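*Asks:* Data: start-v8.csv, CSV, C-alpha atoms.
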```
chain,number,residue,atom,x,y,z
A,1,MET,CA,69.9,141.5,203.0
A,2,ALA,CA,71.6,139.1,200.5
A,3,GLN,CA,75.0,139.9,198.8
A,4,ASP,CA,76.2,139.0,195.3
A,5,ASP,CA,79.3,136.9,195.5
A,6,ASN,CA,80.7,138.2,192.2
A,7,SER,CA,80.1,142.0,192.5
A,8,GLY,CA,79.9,142.4,196.2
A,9,LYS,CA,76.7,144.5,195.9
A,10,ASP,CA,73.8,144.2,198.3
A,11,LEU,CA,70.7,142.7,196.7
A,12,ALA,CA,67.1,143.5,197.8
A,13,ALA,CA,65.2,140.7,199.4
A,14,ASP,CA,63.1,138.7,196.9
A,15,ASP,CA,59.4,139.0,197.0
A,16,SER,CA,58.0,135.5,196.9
A,17,SER,CA,54.8,136.8,195.3
A,18,ALA,CA,56.8,137.9,192.2
A,19,HIS,CA,57.7,134.3,191.2
A,20,ILE,CA,55.8,131.2,190.2
A,21,ALA,CA,56.8,127.9,191.7
A,22,VAL,CA,57.9,125.2,189.4
A,23,PRO,CA,56.4,121.8,190.3
A,24,GLY,CA,59.0,119.2,191.1
A,25,ALA,CA,61.8,121.6,191.5
A,26,SER,CA,63.6,122.2,194.8
A,27,THR,CA,63.5,125.7,196.3
A,28,GLY,CA,66.0,128.0,194.8
A,29,THR,CA,66.9,126.0,191.7
A,30,ALA,CA,64.5,127.6,189.1
A,31,VAL,CA,62.5,130.7,188.7
A,32,VAL,CA,60.0,131.5,186.0
A,33,ALA,CA,59.2,135.2,185.6
A,34,PRO,CA,55.6,136.0,184.8
A,35,ASP,CA,56.7,138.8,182.4
A,36,ALA,CA,59.1,136.7,180.3
A,37,VAL,CA,59.9,138.0,176.9
A,38,LYS,CA,57.8,136.3,174.2
A,39,ASN,CA,59.2,135.0,171.0
A,40,PRO,CA,58.6,137.7,168.5
A,41,GLY,CA,58.7,135.3,165.6
A,42,LEU,CA,60.1,136.0,162.2
A,43,PRO,CA,59.4,139.3,160.5
A,44,ALA,CA,57.2,139.4,157.5
A,45,HIS,CA,59.0,138.2,154.3
A,46,ARG,CA,59.8,140.9,151.9
A,47,LYS,CA,60.4,139.8,148.3
A,48,ARG,CA,63.3,141.1,146.3
A,49,VAL,CA,63.0,142.9,143.0
A,50,THR,CA,64.3,139.7,141.2
A,51,ASP,CA,61.4,137.8,142.8
A,52,LEU,CA,58.9,140.3,141.5
A,53,ASP,CA,60.3,141.2,138.0
A,54,PRO,CA,61.4,138.4,135.6
A,55,LYS,CA,63.4,140.9,133.6
A,56,LYS,CA,65.5,141.8,136.6
A,57,GLU,CA,65.9,138.2,137.4
A,58,LYS,CA,67.4,137.5,134.0
A,59,ARG,CA,69.6,140.6,134.3
A,60,ALA,CA,70.9,139.3,137.6
A,61,ALA,CA,71.6,135.9,136.0
A,62,ARG,CA,73.5,137.6,133.2
A,63,THR,CA,75.5,139.6,135.7
A,64,VAL,CA,76.5,136.5,137.6
A,65,TYR,CA,77.8,134.5,134.7
A,66,THR,CA,79.4,137.6,133.2
A,67,LEU,CA,81.4,137.9,136.4
A,68,PHE,CA,82.4,134.3,136.2
A,69,TYR,CA,83.6,134.7,132.6
A,70,LEU,CA,85.5,137.8,133.7
A,71,SER,CA,87.2,135.7,136.4
A,72,ILE,CA,88.3,133.3,133.6
A,73,VAL,CA,89.7,136.3,131.7
A,74,GLY,CA,91.6,137.4,134.8
A,75,SER,CA,93.2,133.9,135.2
A,76,VAL,CA,94.2,133.7,131.6
A,77,TRP,CA,95.6,137.3,131.7
A,78,ALA,CA,97.7,136.4,134.7
A,79,VAL,CA,99.3,133.4,132.8
A,80,ALA,CA,99.8,135.6,129.7
A,81,ALA,CA,101.3,138.4,131.8
A,82,TYR,CA,103.8,135.9,133.3
A,83,MET,CA,105.1,135.1,129.8
A,84,ALA,CA,104.7,138.6,128.3
A,85,PHE,CA,106.5,140.5,131.1
A,86,PRO,CA,109.4,138.2,132.1
A,87,ILE,CA,111.8,139.1,134.9
A,88,THR,CA,115.2,140.1,133.7
A,89,PRO,CA,118.0,139.6,136.2
A,90,GLY,CA,119.2,142.9,137.5
A,91,ASP,CA,116.3,144.9,136.1
A,92,LEU,CA,114.0,146.0,138.9
A,93,GLY,CA,111.6,147.6,136.4
A,94,SER,CA,110.9,144.1,134.9
A,95,VAL,CA,110.2,142.8,138.4
A,96,ARG,CA,107.7,145.6,139.0
A,97,LEU,CA,105.9,145.1,135.7
A,98,ASN,CA,105.8,141.3,136.2
A,99,ASN,CA,104.3,141.6,139.7
A,100,LEU,CA,101.9,144.4,138.7
A,101,PHE,CA,100.3,142.6,135.7
A,102,ILE,CA,100.2,139.1,137.3
A,103,GLY,CA,98.8,140.6,140.5
A,104,LEU,CA,96.1,142.5,138.5
A,105,GLY,CA,95.1,139.3,136.7
A,106,ILE,CA,94.9,137.2,139.9
A,107,ALA,CA,93.0,140.0,141.7
A,108,LEU,CA,90.5,140.3,138.9
A,109,ALA,CA,90.0,136.5,138.8
A,110,LEU,CA,89.5,136.2,142.5
A,111,LEU,CA,87.3,139.3,142.9
A,112,ALA,CA,85.0,138.5,140.0
A,113,LEU,CA,84.6,134.9,141.2
A,114,GLY,CA,83.8,136.1,144.8
A,115,ILE,CA,81.4,138.9,143.7
A,116,GLY,CA,79.6,136.7,141.3
A,117,ALA,CA,79.1,134.0,144.0
A,118,VAL,CA,77.8,136.6,146.4
A,119,HIS,CA,75.5,138.2,143.9
A,120,TRP,CA,74.1,134.8,142.9
A,121,GLY,CA,73.2,134.0,146.5
A,122,LYS,CA,71.7,137.4,147.2
A,123,ALA,CA,69.7,138.0,144.0
A,124,LEU,CA,68.8,134.5,142.6
A,125,MET,CA,68.9,131.8,145.2
A,126,ALA,CA,65.8,131.1,147.3
A,127,ASP,CA,65.2,133.9,149.8
A,128,GLU,CA,63.0,132.5,152.6
A,129,GLU,CA,63.5,132.7,156.3
A,130,SER,CA,63.4,129.4,158.2
A,131,ILE,CA,64.5,127.8,161.5
A,132,ASP,CA,66.6,124.7,161.4
A,133,ILE,CA,66.5,122.7,164.6
A,134,ARG,CA,69.8,121.0,165.2
A,135,HIS,CA,70.0,117.6,166.8
A,136,PRO,CA,73.0,116.4,168.8
A,137,VAL,CA,72.7,112.8,167.8
A,138,ARG,CA,72.7,110.8,164.6
A,139,GLY,CA,69.4,111.1,162.8
A,140,SER,CA,67.2,108.2,161.8
A,141,ASP,CA,67.2,106.7,158.4
A,142,GLU,CA,64.1,108.7,157.6
A,143,THR,CA,65.9,111.9,158.8
A,144,ARG,CA,68.9,111.1,156.6
A,145,GLN,CA,66.6,110.5,153.7
A,146,THR,CA,65.0,113.9,154.4
A,147,ALA,CA,68.5,115.5,154.3
A,148,VAL,CA,69.0,114.1,150.8
A,149,GLU,CA,65.7,115.6,149.8
A,150,ILE,CA,66.8,118.9,151.3
A,151,PHE,CA,69.9,118.9,149.2
A,152,ASP,CA,67.8,118.2,146.2
A,153,THR,CA,65.5,121.0,147.1
A,154,ALA,CA,68.4,123.4,147.6
A,155,ASN,CA,69.7,122.4,144.2
A,156,LYS,CA,66.3,123.3,142.7
A,157,GLU,CA,65.9,126.5,144.7
A,158,SER,CA,69.5,127.7,143.9
A,159,GLY,CA,69.0,126.9,140.2
A,160,PHE,CA,72.4,125.2,140.1
A,161,GLY,CA,71.0,122.4,138.0
A,162,ARG,CA,68.7,124.5,136.0
A,163,ARG,CA,70.8,127.6,135.3
A,164,SER,CA,73.3,126.1,132.9
A,165,MET,CA,75.0,129.4,132.0
A,166,ILE,CA,75.8,130.2,135.6
A,167,ARG,CA,76.8,126.7,136.4
A,168,ASN,CA,79.1,126.3,133.4
A,169,SER,CA,80.7,129.7,133.8
A,170,LEU,CA,81.3,128.9,137.5
A,171,PHE,CA,83.0,125.6,136.5
A,172,GLY,CA,85.1,127.5,134.0
A,173,ALA,CA,86.2,130.1,136.5
A,174,LEU,CA,87.1,127.5,139.1
A,175,ILE,CA,89.1,125.6,136.5
A,176,ALA,CA,90.9,128.7,135.2
A,177,PHE,CA,91.7,130.2,138.6
A,178,PRO,CA,94.6,127.8,139.6
A,179,LEU,CA,96.3,128.3,136.2
A,180,PRO,CA,98.3,131.3,137.2
A,181,ALA,CA,99.7,129.4,140.2
A,182,ILE,CA,100.7,126.5,138.0
A,183,ALA,CA,102.5,128.9,135.7
A,184,LEU,CA,104.2,130.7,138.5
A,185,PHE,CA,105.4,127.5,140.2
A,186,ARG,CA,106.6,126.1,136.9
A,187,GLY,CA,108.9,129.2,136.7
A,188,LEU,CA,110.7,128.0,139.9
A,189,ALA,CA,112.1,125.0,138.0
A,190,PRO,CA,115.5,125.1,136.4
A,191,GLU,CA,115.6,126.3,132.8
A,192,GLY,CA,118.1,125.9,130.0
A,193,LYS,CA,120.6,123.2,129.2
A,194,ASP,CA,122.0,120.8,131.8
A,195,THR,CA,119.3,121.5,134.3
A,196,GLU,CA,118.3,118.0,135.2
A,197,PRO,CA,117.7,118.3,139.0
A,198,VAL,CA,119.7,115.2,140.0
A,199,ALA,CA,122.7,116.4,138.1
A,200,LEU,CA,122.5,119.9,139.5
A,201,LEU,CA,122.4,118.7,143.1
A,202,SER,CA,125.1,116.1,142.5
A,203,GLN,CA,127.7,118.8,141.9
A,204,THR,CA,128.6,121.6,144.3
A,205,MET,CA,131.5,124.0,144.8
A,206,TRP,CA,133.3,121.5,147.0
A,207,GLU,CA,136.3,119.9,145.3
A,208,LYS,CA,139.7,118.5,146.4
A,209,GLY,CA,141.7,121.1,148.4
A,210,THR,CA,138.8,123.6,148.9
A,211,ARG,CA,139.1,125.1,152.4
A,212,LEU,CA,136.2,125.1,154.8
A,213,THR,CA,135.4,128.7,155.8
A,214,ARG,CA,133.0,130.2,158.3
A,215,ASP,CA,129.5,131.4,157.2
A,216,PRO,CA,129.2,134.3,156.5
A,217,ASP,CA,132.6,136.0,156.9
A,218,GLY,CA,134.5,133.4,154.9
A,219,ALA,CA,137.3,133.0,157.5
A,220,PRO,CA,139.2,129.7,157.0
A,221,ILE,CA,138.9,127.1,159.8
A,222,LYS,CA,141.8,125.3,161.4
A,223,ALA,CA,141.3,121.9,163.0
A,224,ALA,CA,142.6,123.3,166.3
A,225,ASP,CA,139.8,125.9,166.3
A,226,VAL,CA,137.1,123.3,166.4
A,227,THR,CA,136.5,122.4,170.0
A,228,PHE,CA,134.6,119.4,171.4
A,229,GLY,CA,130.8,120.0,171.3
A,230,SER,CA,131.0,123.0,169.0
A,231,ALA,CA,129.2,123.3,165.7
A,232,PHE,CA,130.4,125.5,162.8
A,233,HIS,CA,128.2,126.7,159.9
A,234,VAL,CA,130.5,126.3,156.9
A,235,ILE,CA,130.7,127.5,153.3
A,236,PRO,CA,133.4,126.7,150.7
A,237,ASP,CA,136.2,129.1,150.2
A,238,GLY,CA,135.6,131.4,147.2
A,239,LEU,CA,131.8,131.5,147.6
A,240,SER,CA,131.9,135.2,148.6
A,241,ASP,CA,133.6,136.0,145.3
A,242,ILE,CA,130.5,135.0,143.3
A,243,SER,CA,127.9,137.8,142.8
A,244,HIS,CA,124.2,137.3,143.4
A,245,SER,CA,123.5,137.6,139.7
A,246,ASP,CA,125.9,134.8,139.0
A,247,GLY,CA,124.1,132.4,141.3
A,248,MET,CA,125.8,132.9,144.7
A,249,LEU,CA,122.7,131.9,146.6
A,250,GLU,CA,122.1,128.9,144.5
A,251,GLU,CA,125.6,127.6,145.1
A,252,LYS,CA,125.4,128.4,148.8
A,253,ALA,CA,122.1,126.5,149.1
A,254,LYS,CA,123.8,123.3,147.8
A,255,ALA,CA,127.2,123.7,149.5
A,256,ILE,CA,126.3,124.7,153.1
A,257,VAL,CA,127.8,122.4,155.7
A,258,LEU,CA,127.7,121.8,159.4
A,259,LEU,CA,131.1,121.0,161.1
A,260,MET,CA,131.3,119.3,164.5
A,261,ARG,CA,133.9,117.7,166.7
A,262,LEU,CA,133.3,114.6,168.8
A,263,GLN,CA,135.6,112.2,170.6
A,264,PRO,CA,137.1,109.9,167.9
A,265,ASP,CA,135.8,106.8,169.8
A,266,GLN,CA,132.3,108.2,169.7
A,267,LEU,CA,132.1,107.9,165.9
A,268,HIS,CA,130.8,104.6,164.6
A,269,GLU,CA,132.3,104.8,161.1
A,270,VAL,CA,132.1,102.2,158.4
A,271,GLU,CA,135.5,101.0,157.0
A,272,GLU,CA,135.3,102.9,153.7
A,273,ARG,CA,134.5,106.2,155.5
A,274,LYS,CA,137.0,106.2,158.3
A,275,THR,CA,139.3,108.6,156.3
A,276,TRP,CA,136.4,111.1,155.7
A,277,SER,CA,136.8,112.6,159.2
A,278,TYR,CA,139.8,114.1,160.9
A,279,ASP,CA,140.5,113.5,164.6
A,280,GLY,CA,136.8,113.4,165.4
A,281,ILE,CA,135.9,116.3,163.2
A,282,VAL,CA,133.0,115.5,160.7
A,283,ALA,CA,131.2,117.6,158.1
A,284,TYR,CA,127.7,117.0,156.9
A,285,SER,CA,125.4,118.8,154.5
A,286,LYS,CA,123.1,121.3,156.2
A,287,VAL,CA,120.3,120.6,153.8
A,288,CYS,CA,117.6,118.3,155.2
A,289,THR,CA,116.9,115.2,153.0
A,290,HIS,CA,113.2,115.6,153.6
A,291,VAL,CA,112.2,118.9,151.8
A,292,GLY,CA,115.5,120.9,152.0
A,293,CYS,CA,115.1,122.9,155.2
A,294,PRO,CA,118.4,123.9,156.9
A,295,VAL,CA,119.4,121.4,159.6
A,296,ALA,CA,120.8,124.0,162.0
A,297,LEU,CA,120.1,122.6,165.6
A,298,TYR,CA,122.8,120.6,167.2
A,299,GLU,CA,122.4,118.8,170.5
A,300,GLN,CA,125.8,118.6,172.1
A,301,ARG,CA,125.0,115.8,174.6
A,302,THR,CA,123.2,113.4,172.3
A,303,HIS,CA,125.1,114.4,169.2
A,304,HIS,CA,121.9,114.7,167.3
A,305,LEU,CA,121.1,117.2,164.5
A,306,LEU,CA,117.5,118.4,164.3
A,307,CYS,CA,115.6,119.9,161.5
A,308,PRO,CA,113.3,122.6,162.8
A,309,CYS,CA,110.8,122.3,160.0
A,310,HIS,CA,109.4,118.8,160.4
A,311,GLN,CA,111.5,117.5,163.3
A,312,SER,CA,113.7,115.0,161.5
A,313,GLN,CA,116.6,113.9,163.7
A,314,PHE,CA,120.0,112.6,162.5
A,315,ASP,CA,122.7,110.8,164.6
A,316,VAL,CA,126.1,112.4,164.0
A,317,THR,CA,127.9,109.4,165.6
A,318,ASN,CA,126.4,107.1,163.0
A,319,HIS,CA,126.9,108.9,159.7
A,320,CYS,CA,123.9,111.1,160.4
A,321,ALA,CA,121.5,108.2,160.1
A,322,VAL,CA,117.8,109.2,160.4
A,323,ILE,CA,116.5,108.3,163.9
A,324,PHE,CA,113.2,110.2,163.8
A,325,GLY,CA,111.0,112.1,161.5
A,326,PRO,CA,110.0,112.0,157.8
A,327,ALA,CA,113.5,112.3,156.3
A,328,ALA,CA,114.2,109.2,154.1
A,329,ARG,CA,118.0,109.0,154.1
A,330,PRO,CA,121.1,110.3,156.1
A,331,LEU,CA,122.6,113.7,155.5
A,332,PRO,CA,125.4,113.5,152.8
A,333,GLN,CA,128.9,113.6,154.4
A,334,LEU,CA,131.6,115.8,153.1
A,335,PRO,CA,135.0,114.0,153.2
A,336,ILE,CA,137.5,116.3,154.9
A,337,THR,CA,141.2,116.5,156.0
A,338,VAL,CA,143.8,119.2,156.7
A,339,ASP,CA,146.3,120.9,154.5
A,340,ASP,CA,150.0,121.7,155.3
A,341,GLU,CA,149.0,124.8,157.2
A,342,GLY,CA,146.5,123.0,159.5
A,343,TYR,CA,143.4,124.3,157.7
A,344,LEU,CA,140.4,122.0,157.1
A,345,VAL,CA,139.9,121.2,153.5
A,346,ALA,CA,137.6,119.0,151.5
A,347,GLN,CA,138.9,115.8,150.0
A,348,SER,CA,136.3,115.9,147.2
A,349,ASP,CA,132.7,116.9,146.5
A,350,PHE,CA,129.8,115.1,148.1
A,351,THR,CA,129.5,111.5,146.8
A,352,GLU,CA,125.7,111.7,146.6
A,353,PRO,CA,123.1,114.4,145.7
A,354,VAL,CA,122.3,116.9,148.5
A,355,GLY,CA,118.8,117.9,149.5
A,356,PRO,CA,115.4,116.2,149.3
A,357,SER,CA,115.5,112.5,148.5
A,358,PHE,CA,112.9,112.7,145.7
A,359,TRP,CA,115.6,114.3,143.4
A,360,GLU,CA,117.3,111.0,143.3
A,361,ARG,CA,114.4,109.2,141.7
A,362,HIS,CA,115.1,109.2,138.0
```
Taking this structure as input, can you express it in the form of structure tokens?
*Replies:*
Amino acid sequence: MAQDDNSGKDLAADDSSAHIAVPGASTGTAVVAPDAVKNPGLPAHRKRVTDLDPKKEKRAARTVYTLFYLSIVGSVWAVAAYMAFPITPGDLGSVRLNNLFIGLGIALALLALGIGAVHWGKALMADEESIDIRHPVRGSDETRQTAVEIFDTANKESGFGRRSMIRNSLFGALIAFPLPAIALFRGLAPEGKDTEPVALLSQTMWEKGTRLTRDPDGAPIKAADVTFGSAFHVIPDGLSDISHSDGMLEEKAKAIVLLMRLQPDQLHEVEERKTWSYDGIVAYSKVCTHVGCPVALYEQRTHHLLCPCHQSQFDVTNHCAVIFGPAARPLPQLPITVDDEGYLVAQSDFTEPVGPSFWERH
């Protein structure tokens, strides 16, 4: 009595008369059952109503390009809704209307495009069952030429080249569909006067005498509080007094700073920046110079700052120079000192724009 190694169940002894020996195969390597399931083949092809009735075929074609044109209408409506229902700061009703009508337009554009493509394939494209034998190796030149002929046949069977109304409406829907996204992303850019990006990022809340405070409670920081190996997340004093509607988040996004303390002899400072630190305490912008992610990871032993988004690394001992990753320039340094009460204060604003390097390209 044999036993199945996987299930542990006893198996009945095989009857050698129930199997057919395979010539050239060793005993126990292959078994061919005499009652193997036969290939049933493909079922009889059943034509669709559009294959049988030319009028219904034309009706299906009209339905497809009407859906594509409807997709264009949805895309244009989303762009128009973006301008017709602007968001007013502090008005949640305007946010709801903006999201509602833009969402309806985009949903109509996407759904009409998808339903039209599905209906085209199900009602108008060639509907014949076939078996395509796949080959694991590169085909011969004759096979590759055959593939080109197959594509040409597919074009003829789908009617893509012949049905100009469907083709042109599809092109129009695909061109119109990204327009709402372009309009929405354009709205993220600064508006109004004095909104040149380089100028905006060149000026922050930091100025001479501004105290360094903890993020988020706003408690001022004394130099004696900063221990070796520590890292403080810092915002300028007075930031918490700005309301959200007046741009508190925008100001914070530009002014956030990381504060660290090293042994003074570990800092390799150039002559013109030796006065920018205080007793081994240095402050650098927290905004990565790659795409603006927050550089919030500090390795105490190596004195490296790491950006978690794209793994850029900066050397704090060498003015936060880039030592790895896609960032193109060092993190801007905030010049600091202490006031009469021992609190850390800024000597001035950053001397270069904060954030991604591409903003510096005029």
*Asks:* One number please: CA of Phe171 in chain A to CA of Ile106 in chain A, in Å, one decimal.
*Replies:* 17.0 Å
*Asks:* Excluding same-chain residues fewer than 3 positions from Ser277 in chain A, what lies within 9 Å of it counting only C-alpha atoms, as a list in words?
*Replies:*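 Result of the neighbour search: Arg273, Lys274, Gly280, Ile281, Val282, Ala283, Leu334, Pro335, Ile336 and Thr337 of chain A.
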*Asks:* Give me, please, the distance in Å between CA of Ala109 in chain A and CA of Tyr69 in chain A, quoted to one decimal.
*Replies:* 9.1 Å
*Asks:* I'd like the neighbourhood of Val257 in chain A as a list in words, where a residue qualifies if any of its atoms comes within 9 Å (using only C-alpha atoms), though same-chain residues fewer than 6 positions away should be ignored.
*Replies:*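 Non-adjacent residues within range: Leu212, Phe232, His233, Val234, Ile235, Pro236, Ala283, Tyr284, Ser285, Lys286, Val287, Gln333 and Leu334 of chain A.
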*Asks:* Would you mind listing what lies within 12 Å of Ile182 in chain A as a VMD selection string, with all atoms listed in the file counted and same-chain residues fewer than 3 positions away left out?
*Replies:* chain A and resid 75 to 76 78 to 79 82 175 to 179 185 to 189
*Asks:* With only C-alpha atoms as the basis for distance, which of A:Ile166, A:Gln313, A:Phe85, A:Ala183 is at the shortest distance from Phe101 in chain A?
*Replies:*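 When distances to Phe101 in chain A are compared using only C-alpha atoms, the smallest one comes from A:Phe85.
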*Asks:* I'd like the contact shell of Arg134 in chain A - 12 Å cut-off, all atoms listed in the file, skipping same-chain residues fewer than 4 positions apart - returned as a list in words.
*Replies:* Arg138, Gly139 and Thr143 of chain A
*Asks:* Kindly indicate which residue among A:Leu108, A:Leu259, A:Val316, A:Val338 lies nearest to Glu299 in chain A, using all atoms listed in the file for the distances.
*Replies:*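 That would be A:Val316, the residue with the smallest distance to Glu299 in chain A.
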*Asks:* What is the CA of Ser357 in chain A-CA of His290 in chain A distance in Å, reported with one decimal?
*Replies:* 6.4 Å
*Asks:* Find the residues around His319 in chain A up to 8 Å (all atoms listed in the file counted), leave out those fewer than 2 positions away in its own chain, and share them as a ChimeraX atom specification.
*Replies:* /A:268-269,315-317,321,330-331,333
*Asks:* For each of A:Ala33, A:Pro89, A:Ile221, A:Val95, take the minimum atom-to-atom distance to Gly247 in chain A, counting only C-alpha atoms, then give the residue where this is smallest.
*Replies:* A:Pro89
*Asks:* Go ahead and find all residues with at least one atom no further than 9 Å from (112.3, 127.6, 157.8) in the file's coordinates, using all atoms listed in the file; report them as a list of chain:residue names.
*Replies:*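 In the file's frame, the residues around the point are A:Cys293, A:Pro294, A:Pro308, A:Cys309.
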*Asks:* Go ahead and dump the residues you just picked, C-alpha atoms, as a PDB file, keeping the file's coordinate frame.
*Replies:*
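After the write, out10.pdb holds the following:
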```pdb
ATOM      1  CA  CYS A 293     115.100 122.900 155.200  1.00  0.00           C
ATOM      2  CA  PRO A 294     118.400 123.900 156.900  1.00  0.00           C
ATOM      3  CA  PRO A 308     113.300 122.600 162.800  1.00  0.00           C
ATOM      4  CA  CYS A 309     110.800 122.300 160.000  1.00  0.00           C
TER       5      CYS A 309
END
```
*Asks:* So, with all atoms listed in the file as the atoms that count, which of A:Ala253, A:Leu267, A:Ala107, A:Ala231 lies closest to Leu305 in chain A?
*Replies:*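 With all atoms listed in the file as the atom set, the closest residue is A:Ala231.
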*Asks:* Looking at A:Thr275, A:His303, A:Phe68, A:Tyr343, which one is nearest to Thr210 in chain A, with distances taken over only C-alpha atoms?
*Replies:* A:Tyr343
